[in-house]
Amino acid sequence: MPRINSPSELEEIRKEIQAKRDPNKPCIAMCAGTGCLALGARKVIESFKEEVKRQGLEGKVDVRENGCPGFCERGTVVVIYPEGICYLGVKSEDAAEVVLSIQEKKVIERLLYVNPSTGEKATYEQEIPFYRNQIRHLIGNNTRIDPRNIDDYLALGGYGALAKALFQRTADEVLEEVKKANLRGRGGGGFPTGKKWETCRNALEKPKYVIVNCDEGDPGAFMDRALTEGNPHSVLEGFIIGAYAIGSHEGYVYIRNEYPLAVENLGIAIEQAEEYGFLGKNILGSGFDFTVRVGRGGGAFVCGESTALMASLEGKVGEPRAKYIHTAEKGLWDKPTNLNNVETWANVPLIINKGADWFGAIGTEGSKGTKIFSLVGKVNNTGLVEVPMGITLRDIIYKIGGGIRGNKKFKAVQTGGPSGGVIPEQFLDAPIDFDELTKLGSMMGSGGMIVMDEDNCMVDIAKYFLSFLEEESCGKCVPCREGVKRMEEILSRISEGRGKEGDIQQLERLATAIAEGALCALGKTAPNPVLTTIKYFREEYEAHIKEKRCPAGVCKELINYFVIDEKCPGCGICVKNCPQGSITFMGKKNPVVLDQSKCTKCGTCFDVCKLGAIEVR
Amino acid sequence: MGEAIESILDKYRRDSSQLVSMLQDIQAVHYWLPKEALIEVSEGLDIPLSRVYSVATFFKAFSLVPKGRHQVTICMGTACHVRGSPRILNRVRQLLDIEPGETTSDLKFSLDTVNCLGCCALGPIMVVDGEYNGCVGVGDVPKILESCD
C-alpha cells in the first residue's frame, strides 16, 4: 500500500475500496472481543470458517471477526449482513445451519432474541430493546469493522475528519469546534476537553506531548477496552486531530497490559496508519508530523491518574504528584502534556465531521453527547450501552438492561468505580450526567454501572472498594496510605460482627480528613463509596454493628447456611460438592442434613442447589 | 537468559523510559522476574538496580518469585465481586492450599487475583493459562483445575 499524500488521494482510495466491495455480498460478522472470547468465541469462529469452506462458499461469503458490539451477556454475537440479522448465543454446532441459511436466505428462529416479557422475537439488531434504546455513535460501528483491517474503517468514511481538520480548518478552528461542542473528559473528571487543549496549546515550552489514557483500571468498566479493541482507528483519528489542534508531534498511548487483545489490535492499527500516511511525517501531505508510541501499564490502578501515568511512561514508579502546576504546562518529562481518555478522543472525529451543533444537540445543558456505560452486575442484559447524556437510571436498567435478574428486588447501582458511590432506588429517575451524579454523592467516573440487588450487602461493597483502594494506594501521601487503611479496618470489623458504637461517626470523620488531605484523586475520592453507603443505607450498618446481623446474607462471619427441608428432594448434589463433607445424604426423597460445626460457609451448596433449598440467614 | 534479555532491551532501543514494557516482555518469557534478569536489565540500560527493583515491586503485574506451570487468575473486579468471585477465590485457595501470589510446592499452579479483566458482563471470570472461563460457579472450580495436567 503506497502512502496517501493528499485528501483527494484519500478519497480515491476510499472509492476504490468501496468499489471492490459488493454491498450485497453476505458477510458473517462475528464478535471476537474479549467478552465473547471468554464464552468460547474462538472455537465458534473457527467452525464458521471451516463451514464456509465445506459448503464451497469461500469467496462468496465473508467471515469477519469484529470488535465488541456490547451485548456480551448473549455471546457469541453474530450479525449476518447485508440483512443485519442478529443471532445471539451462537455455538460451534450452529455453524452448518447458519451458513446454509445464508444460501437459502432464511432466518433461524431459534437463535433470535426473544423478548422475555412479550415472548416476541427480534430479527434485527434494532428490534432488540437492548440496542433499540441506545444511541450508538461510538460503538455502533464495531460490528461493521474488522479492527485489524484499516480498509474497513476507510470504507465507512474513516480518516475523513482528519483530512477535513488538516486541510479545511486551522488548528485554532479545530480547537474552537471542540470547545463549542463542550465535550467533557470521559475518563471520570468531566473536565472540558477544549479548555484542556487550549491550556496545553498556549503553554510556552516545547515539545508538547499528547497521551491517550487507556489504563482503564476502574473495575467493572470496559468501554475503553471495547473501543480500543474494536475500533482502534477511531481513537487514533481523534488523537491525531487533537495533536494537530494542540501543536504536538509526539504522542503516547498508555494501555493496560491486562487487555492483551487491545494491545495487539492497537499495535496493528498504528502500523497500518503509519503505512497509509495517517501517522508519521507530513501526514496526508499537509506538512503536519505526528508519531505515536505505546506504553504498557503494569497493573497499578493509580496509573490511571494523569501524573502517575506520566511517571510510569517515563519508566518510573507510578506515583502521582501534587498538581499545583498543571500537566498541561509541566507534564511528561516536565513538558506541556495533554492527556485524554480513549472515549474522549473517539468523540473528536464525530465533532469534526458533523459539527459542534450536531454534537451539542445530544445530551443535557452541562453534559453533551453520548456516554458509554458498562451495565453489569445483577441485571438481565449485561454489556456495554451507549446512551445520550441525561437518560435516567431507570431507562438504562429497565428499558435497556431488562430489569433485575431472577425477579429480585433492585437495591442500588454503583457508578464511578472506586471513586464513585452507590445510588439507591429513590433516585432511579434522576437524569444521568456529570453534574447530577456528583450531586448524588457519586460520580460519572469512566462509566461503570454496577447494579446490585437485595442480595448485595452495602457494608461489604464499601469494604470491597476500600480494600481495593488500600491495596492500590501508592503510599506516597499519609492521608490516603494510613487513612484508607484505617477505614478498611473499621469496615472489616463491622462486617465481622465486631463493630462498636461510634464506628460510623469515626468513618465519617476519617472520610472528611482523607478527602481534604490526599494528594491525588485516588485518595480524595476514596471515601465516596463509604459515605454514600452510610448516607443511603445507614440502617444496614447499624444492623451489622448493633444486631450483629447481615441483612443481605453476605458477610461470612454473620451468616449461616440452612437446608429448607420442604424444598429439598434429597438429590444429593450439595453433598457431592461440599468440600468439607459437612452435608449428609439421608436417602432419596429425604432432606439432607447440614452440620453447622463443620461448615466453612464457602457457599458451594447455595450455588449448586438449583431448587432454592439452601438458605442463607 | 542473557541473549533473550539483550534482544528485549534492543527491541526498545535501550530506552529506559520503556522499563515497564521491557519487564513485561521478560516476564512473558520466564513467567517471573529472576534476580539475574533484573541485574542484567540494570546493567544493560545503565540505570541503578534500585530503580529496576522499585518498578518491579511497585506494579502488581510483576512477580519476583517463580511461577507454576499453570497460571490461575481470578478477577476480583466489582462486577465479578457482586456475582460471587470471593467464593470462587476461596474455593481455589482451599483446593490448591495457597494464597494469591503463591505457587503450589509441586510448581503446578500459581494463583493470582486481578482487579478487572474487562469481561464484566460475564463474571465471575477465572482465567487459566490465558483461557477465559466466564460465569463460573463454585461447583465448576474443581473441574476447571482438574483439566490442567
# chains A, B, ... in the order shown; residues from 1 in each chain; ligands from 1
>>> interface_residues(of="chain B", to="chain A", cutoff="8 Å", atoms="only C-alpha atoms", output="PDB file with N, CA and C atoms, in the first residue's frame")
ATOM      1  N   SER B  16      15.381   3.697  28.632  1.00  0.00           N
ATOM      2  CA  SER B  16      14.985   3.281  29.980  1.00  0.00           C
ATOM      3  C   SER B  16      13.560   3.721  30.319  1.00  0.00           C
ATOM      4  N   SER B  17      12.994   4.644  29.541  1.00  0.00           N
ATOM      5  CA  SER B  17      11.606   5.016  29.819  1.00  0.00           C
ATOM      6  C   SER B  17      10.667   3.857  29.479  1.00  0.00           C
ATOM      7  N   GLN B  18      11.157   2.894  28.734  1.00  0.00           N
ATOM      8  CA  GLN B  18      10.329   1.741  28.369  1.00  0.00           C
ATOM      9  C   GLN B  18      10.497   0.565  29.337  1.00  0.00           C
ATOM     10  N   LEU B  19      11.034   0.895  30.531  1.00  0.00           N
ATOM     11  CA  LEU B  19      11.342  -0.150  31.505  1.00  0.00           C
ATOM     12  C   LEU B  19      10.151  -1.075  31.800  1.00  0.00           C
ATOM     13  N   VAL B  20       8.962  -0.472  31.974  1.00  0.00           N
ATOM     14  CA  VAL B  20       7.806  -1.300  32.317  1.00  0.00           C
ATOM     15  C   VAL B  20       7.530  -2.316  31.203  1.00  0.00           C
ATOM     16  N   SER B  21       7.552  -1.846  29.966  1.00  0.00           N
ATOM     17  CA  SER B  21       7.301  -2.748  28.842  1.00  0.00           C
ATOM     18  C   SER B  21       8.363  -3.843  28.757  1.00  0.00           C
ATOM     19  N   GLN B  24       7.687  -6.385  31.304  1.00  0.00           N
ATOM     20  CA  GLN B  24       6.534  -7.183  30.867  1.00  0.00           C
ATOM     21  C   GLN B  24       6.994  -8.282  29.920  1.00  0.00           C
ATOM     22  N   ARG B  51      16.385   1.226  40.929  1.00  0.00           N
ATOM     23  CA  ARG B  51      15.258   1.732  40.143  1.00  0.00           C
ATOM     24  C   ARG B  51      14.510   0.576  39.470  1.00  0.00           C
ATOM     25  N   SER B  54      12.495  -0.956  42.151  1.00  0.00           N
ATOM     26  CA  SER B  54      11.351  -0.155  42.595  1.00  0.00           C
ATOM     27  C   SER B  54      10.190  -0.323  41.622  1.00  0.00           C
ATOM     28  N   VAL B  55      10.493  -0.365  40.337  1.00  0.00           N
ATOM     29  CA  VAL B  55       9.432  -0.546  39.342  1.00  0.00           C
ATOM     30  C   VAL B  55       8.881  -1.975  39.407  1.00  0.00           C
ATOM     31  N   PHE B  58       6.671  -2.264  42.434  1.00  0.00           N
ATOM     32  CA  PHE B  58       5.516  -1.358  42.503  1.00  0.00           C
ATOM     33  C   PHE B  58       4.320  -1.927  41.748  1.00  0.00           C
ATOM     34  N   PHE B  59       4.585  -2.444  40.556  1.00  0.00           N
ATOM     35  CA  PHE B  59       3.470  -2.867  39.715  1.00  0.00           C
ATOM     36  C   PHE B  59       3.040  -4.288  40.037  1.00  0.00           C
ATOM     37  N   LYS B  60       1.741  -4.422  40.118  1.00  0.00           N
ATOM     38  CA  LYS B  60       1.163  -5.684  40.541  1.00  0.00           C
ATOM     39  C   LYS B  60       1.420  -6.818  39.548  1.00  0.00           C
ATOM     40  N   ALA B  61       1.632  -6.449  38.293  1.00  0.00           N
ATOM     41  CA  ALA B  61       1.763  -7.477  37.259  1.00  0.00           C
ATOM     42  C   ALA B  61       3.062  -8.272  37.381  1.00  0.00           C
ATOM     43  N   PHE B  62       4.030  -7.746  38.146  1.00  0.00           N
ATOM     44  CA  PHE B  62       5.326  -8.420  38.180  1.00  0.00           C
ATOM     45  C   PHE B  62       5.459  -9.351  39.374  1.00  0.00           C
ATOM     46  N   GLY B  77     -12.765  -7.857  40.069  1.00  0.00           N
ATOM     47  CA  GLY B  77     -13.416  -6.591  39.735  1.00  0.00           C
ATOM     48  C   GLY B  77     -14.791  -6.495  40.383  1.00  0.00           C
ATOM     49  N   THR B  78     -15.346  -5.288  40.396  1.00  0.00           N
ATOM     50  CA  THR B  78     -16.608  -5.073  41.106  1.00  0.00           C
ATOM     51  C   THR B  78     -17.725  -5.962  40.587  1.00  0.00           C
ATOM     52  N   ALA B  79     -17.814  -6.045  39.260  1.00  0.00           N
ATOM     53  CA  ALA B  79     -18.909  -6.815  38.677  1.00  0.00           C
ATOM     54  C   ALA B  79     -18.766  -8.287  39.039  1.00  0.00           C
ATOM     55  N   CYS B  80     -17.546  -8.792  39.025  1.00  0.00           N
ATOM     56  CA  CYS B  80     -17.314 -10.186  39.414  1.00  0.00           C
ATOM     57  C   CYS B  80     -17.569 -10.344  40.909  1.00  0.00           C
ATOM     58  N   VAL B  82     -19.705  -8.705  42.885  1.00  0.00           N
ATOM     59  CA  VAL B  82     -21.114  -8.781  43.258  1.00  0.00           C
ATOM     60  C   VAL B  82     -21.746 -10.082  42.769  1.00  0.00           C
ATOM     61  N   ARG B  83     -21.092 -10.733  41.838  1.00  0.00           N
ATOM     62  CA  ARG B  83     -21.635 -12.018  41.377  1.00  0.00           C
ATOM     63  C   ARG B  83     -20.923 -13.202  42.033  1.00  0.00           C
ATOM     64  N   ARG B  87     -16.196 -16.083  46.587  1.00  0.00           N
ATOM     65  CA  ARG B  87     -16.441 -17.502  46.856  1.00  0.00           C
ATOM     66  C   ARG B  87     -15.617 -18.381  45.918  1.00  0.00           C
ATOM     67  N   ASN B  90     -12.077 -18.322  47.244  1.00  0.00           N
ATOM     68  CA  ASN B  90     -11.948 -19.163  48.437  1.00  0.00           C
ATOM     69  C   ASN B  90     -11.846 -20.635  48.084  1.00  0.00           C
ATOM     70  N   ARG B  91     -12.646 -21.034  47.114  1.00  0.00           N
ATOM     71  CA  ARG B  91     -12.650 -22.442  46.713  1.00  0.00           C
ATOM     72  C   ARG B  91     -11.290 -22.808  46.102  1.00  0.00           C
ATOM     73  N   ASN B 115      -7.584  -7.006  39.201  1.00  0.00           N
ATOM     74  CA  ASN B 115      -8.654  -6.082  39.563  1.00  0.00           C
ATOM     75  C   ASN B 115      -9.797  -6.001  38.574  1.00  0.00           C
ATOM     76  N   CYS B 116      -9.524  -6.259  37.323  1.00  0.00           N
ATOM     77  CA  CYS B 116     -10.613  -6.275  36.344  1.00  0.00           C
ATOM     78  C   CYS B 116     -10.040  -6.684  35.011  1.00  0.00           C
ATOM     79  N   LEU B 117     -10.708  -7.598  34.352  1.00  0.00           N
ATOM     80  CA  LEU B 117     -10.251  -8.034  33.035  1.00  0.00           C
ATOM     81  C   LEU B 117     -11.136  -7.465  31.940  1.00  0.00           C
ATOM     82  N   GLY B 118     -12.134  -6.698  32.336  1.00  0.00           N
ATOM     83  CA  GLY B 118     -12.996  -6.073  31.335  1.00  0.00           C
ATOM     84  C   GLY B 118     -13.977  -7.035  30.678  1.00  0.00           C
ATOM     85  N   CYS B 119     -14.229  -8.173  31.294  1.00  0.00           N
ATOM     86  CA  CYS B 119     -15.287  -9.056  30.783  1.00  0.00           C
ATOM     87  C   CYS B 119     -16.411  -9.017  31.792  1.00  0.00           C
ATOM     88  N   CYS B 120     -16.705  -7.824  32.272  1.00  0.00           N
ATOM     89  CA  CYS B 120     -17.581  -7.639  33.421  1.00  0.00           C
ATOM     90  C   CYS B 120     -18.959  -8.243  33.214  1.00  0.00           C
ATOM     91  N   ALA B 121     -19.373  -8.346  31.956  1.00  0.00           N
ATOM     92  CA  ALA B 121     -20.706  -8.861  31.699  1.00  0.00           C
ATOM     93  C   ALA B 121     -20.786 -10.357  31.971  1.00  0.00           C
ATOM     94  N   LEU B 122     -19.634 -11.003  32.120  1.00  0.00           N
ATOM     95  CA  LEU B 122     -19.622 -12.457  32.202  1.00  0.00           C
ATOM     96  C   LEU B 122     -19.080 -12.974  33.520  1.00  0.00           C
ATOM     97  N   GLU B 131      -6.757 -18.826  29.117  1.00  0.00           N
ATOM     98  CA  GLU B 131      -8.092 -19.223  28.674  1.00  0.00           C
ATOM     99  C   GLU B 131      -9.124 -18.659  29.642  1.00  0.00           C
ATOM    100  N   TYR B 132     -10.079 -17.884  29.113  1.00  0.00           N
ATOM    101  CA  TYR B 132     -11.064 -17.233  29.972  1.00  0.00           C
ATOM    102  C   TYR B 132     -12.257 -18.150  30.212  1.00  0.00           C
ATOM    103  N   ASN B 133     -12.594 -18.351  31.477  1.00  0.00           N
ATOM    104  CA  ASN B 133     -13.824 -19.061  31.801  1.00  0.00           C
ATOM    105  C   ASN B 133     -14.805 -18.051  32.377  1.00  0.00           C
ATOM    106  N   GLY B 134     -15.944 -17.896  31.716  1.00  0.00           N
ATOM    107  CA  GLY B 134     -16.924 -16.916  32.162  1.00  0.00           C
ATOM    108  C   GLY B 134     -18.038 -17.549  32.972  1.00  0.00           C
ATOM    109  N   GLY B 137     -19.238 -20.896  38.444  1.00  0.00           N
ATOM    110  CA  GLY B 137     -19.862 -21.167  39.739  1.00  0.00           C
ATOM    111  C   GLY B 137     -18.869 -21.897  40.618  1.00  0.00           C
ATOM    112  N   VAL B 138     -19.114 -21.862  41.924  1.00  0.00           N
ATOM    113  CA  VAL B 138     -18.183 -22.527  42.843  1.00  0.00           C
ATOM    114  C   VAL B 138     -18.016 -24.005  42.460  1.00  0.00           C
ATOM    115  N   GLY B 139     -19.117 -24.610  42.027  1.00  0.00           N
ATOM    116  CA  GLY B 139     -19.081 -26.022  41.671  1.00  0.00           C
ATOM    117  C   GLY B 139     -18.228 -26.331  40.442  1.00  0.00           C
TER     118      GLY B 139
END
>>> select_by_dssp(residues="stretch 369-606 of chain A", states="helix (DSSP H, G or I)", output="ChimeraX atom specification")
/A:393-400,405-407,417-419,425-427,434-439,458-472,478-495,503-517,521-524,528-546,556-558,565-567,573-577,604-606
>>> residues_around(residues="B:Glu40", least_positions_apart="6", cutoff="9 Å", atoms="only C-alpha atoms", output="number ranges by chain")
B: 2, 5-6
>>> closest_residue(among="B:Pro86, B:Pro66, B:Gly123, B:Gly44", to="B:Leu9", atoms="only C-alpha atoms")
B:Gly44
>>> closest_residue(among="A:Val212, A:Ala322, A:Ala165, A:Val342", to="A:Val292", atoms="only C-alpha atoms")
A:Val212
>>> residues_around(residues="B:Ala4", least_positions_apart="2", cutoff="10 Å", atoms="only C-alpha atoms", output="MDAnalysis selection string")
chainID B and resid 1:2 6:10 25:26 29 37
>>> write_last_selection(atoms="C-alpha atoms", output="PDB file, in the first residue's frame")
ATOM      1  CA  MET B   1      18.955 -15.834  29.947  1.00  0.00           C
ATOM      2  CA  GLY B   2      21.422 -13.307  28.506  1.00  0.00           C
ATOM      3  CA  GLU B   6      19.565  -8.406  25.336  1.00  0.00           C
ATOM      4  CA  SER B   7      17.154  -8.707  22.435  1.00  0.00           C
ATOM      5  CA  ILE B   8      14.261  -7.397  24.540  1.00  0.00           C
ATOM      6  CA  LEU B   9      16.355  -4.375  25.558  1.00  0.00           C
ATOM      7  CA  ASP B  10      17.296  -3.804  21.926  1.00  0.00           C
ATOM      8  CA  ASP B  25       8.303  -8.880  27.978  1.00  0.00           C
ATOM      9  CA  ILE B  26      10.863 -10.553  30.233  1.00  0.00           C
ATOM     10  CA  VAL B  29       9.304 -15.308  28.675  1.00  0.00           C
ATOM     11  CA  ALA B  37      17.421 -10.759  34.839  1.00  0.00           C
TER      12      ALA B  37
END
>>> closest_residue(among="B:Leu38, B:Val65, B:Ile88, B:Met22", to="B:Tyr53", atoms="only C-alpha atoms")
B:Leu38
>>> atom_distance(atom1="atom CA of A:Leu393", atom2="atom CA of A:Gly406")
19.5 Å
>>> closest_residue(among="B:Asp15, B:Glu3, B:Asp112, B:Asp140", to="B:Thr73", atoms="only C-alpha atoms")
B:Asp112
>>> closest_residue(among="A:Ile268, A:Leu183, A:Ala430, A:Val77", to="A:Gly360", atoms="only C-alpha atoms")
A:Leu183
>>> atom_distance(atom1="atom CA of B:Tyr31", atom2="atom CA of B:Glu146")
21.5 Å
>>> residues_around(residues="A:Glu386", least_positions_apart="6", cutoff="7 Å", atoms="only C-alpha atoms", output="list in words")
Gln134, Ile135, Arg136, Thr370, Lys371, Ile372 and Phe373 of chain A
>>> residues_around(residues="A:Ala29", least_positions_apart="4", cutoff="8 Å", atoms="only C-alpha atoms", output="list in words")
Val63, Arg64, Glu65, Asn66, Val78, Val79, Ile80, Tyr81, Thr143 and Arg144 of chain A
>>> residues_around(residues="A:Asn282", least_positions_apart="6", cutoff="12 Å", atoms="only C-alpha atoms", output="PyMOL selection string")
chain A and resi 3-6+166+244+249+274+276+288-291
>>> select_by_dssp(residues="stretch 100-179 of chain A", states="strand (DSSP E)", output="JSON list (two decimals) with C-alpha atoms, in the first residue's frame")
[["chain", "number", "residue", "atom", "x", "y", "z"],
["A", 113, "TYR", "CA", -33.51, -12.65, 20.57],
["A", 114, "VAL", "CA", -36.71, -13.40, 22.46],
["A", 121, "LYS", "CA", -38.71, -12.49, 18.60],
["A", 122, "ALA", "CA", -36.43, -9.83, 17.16]]
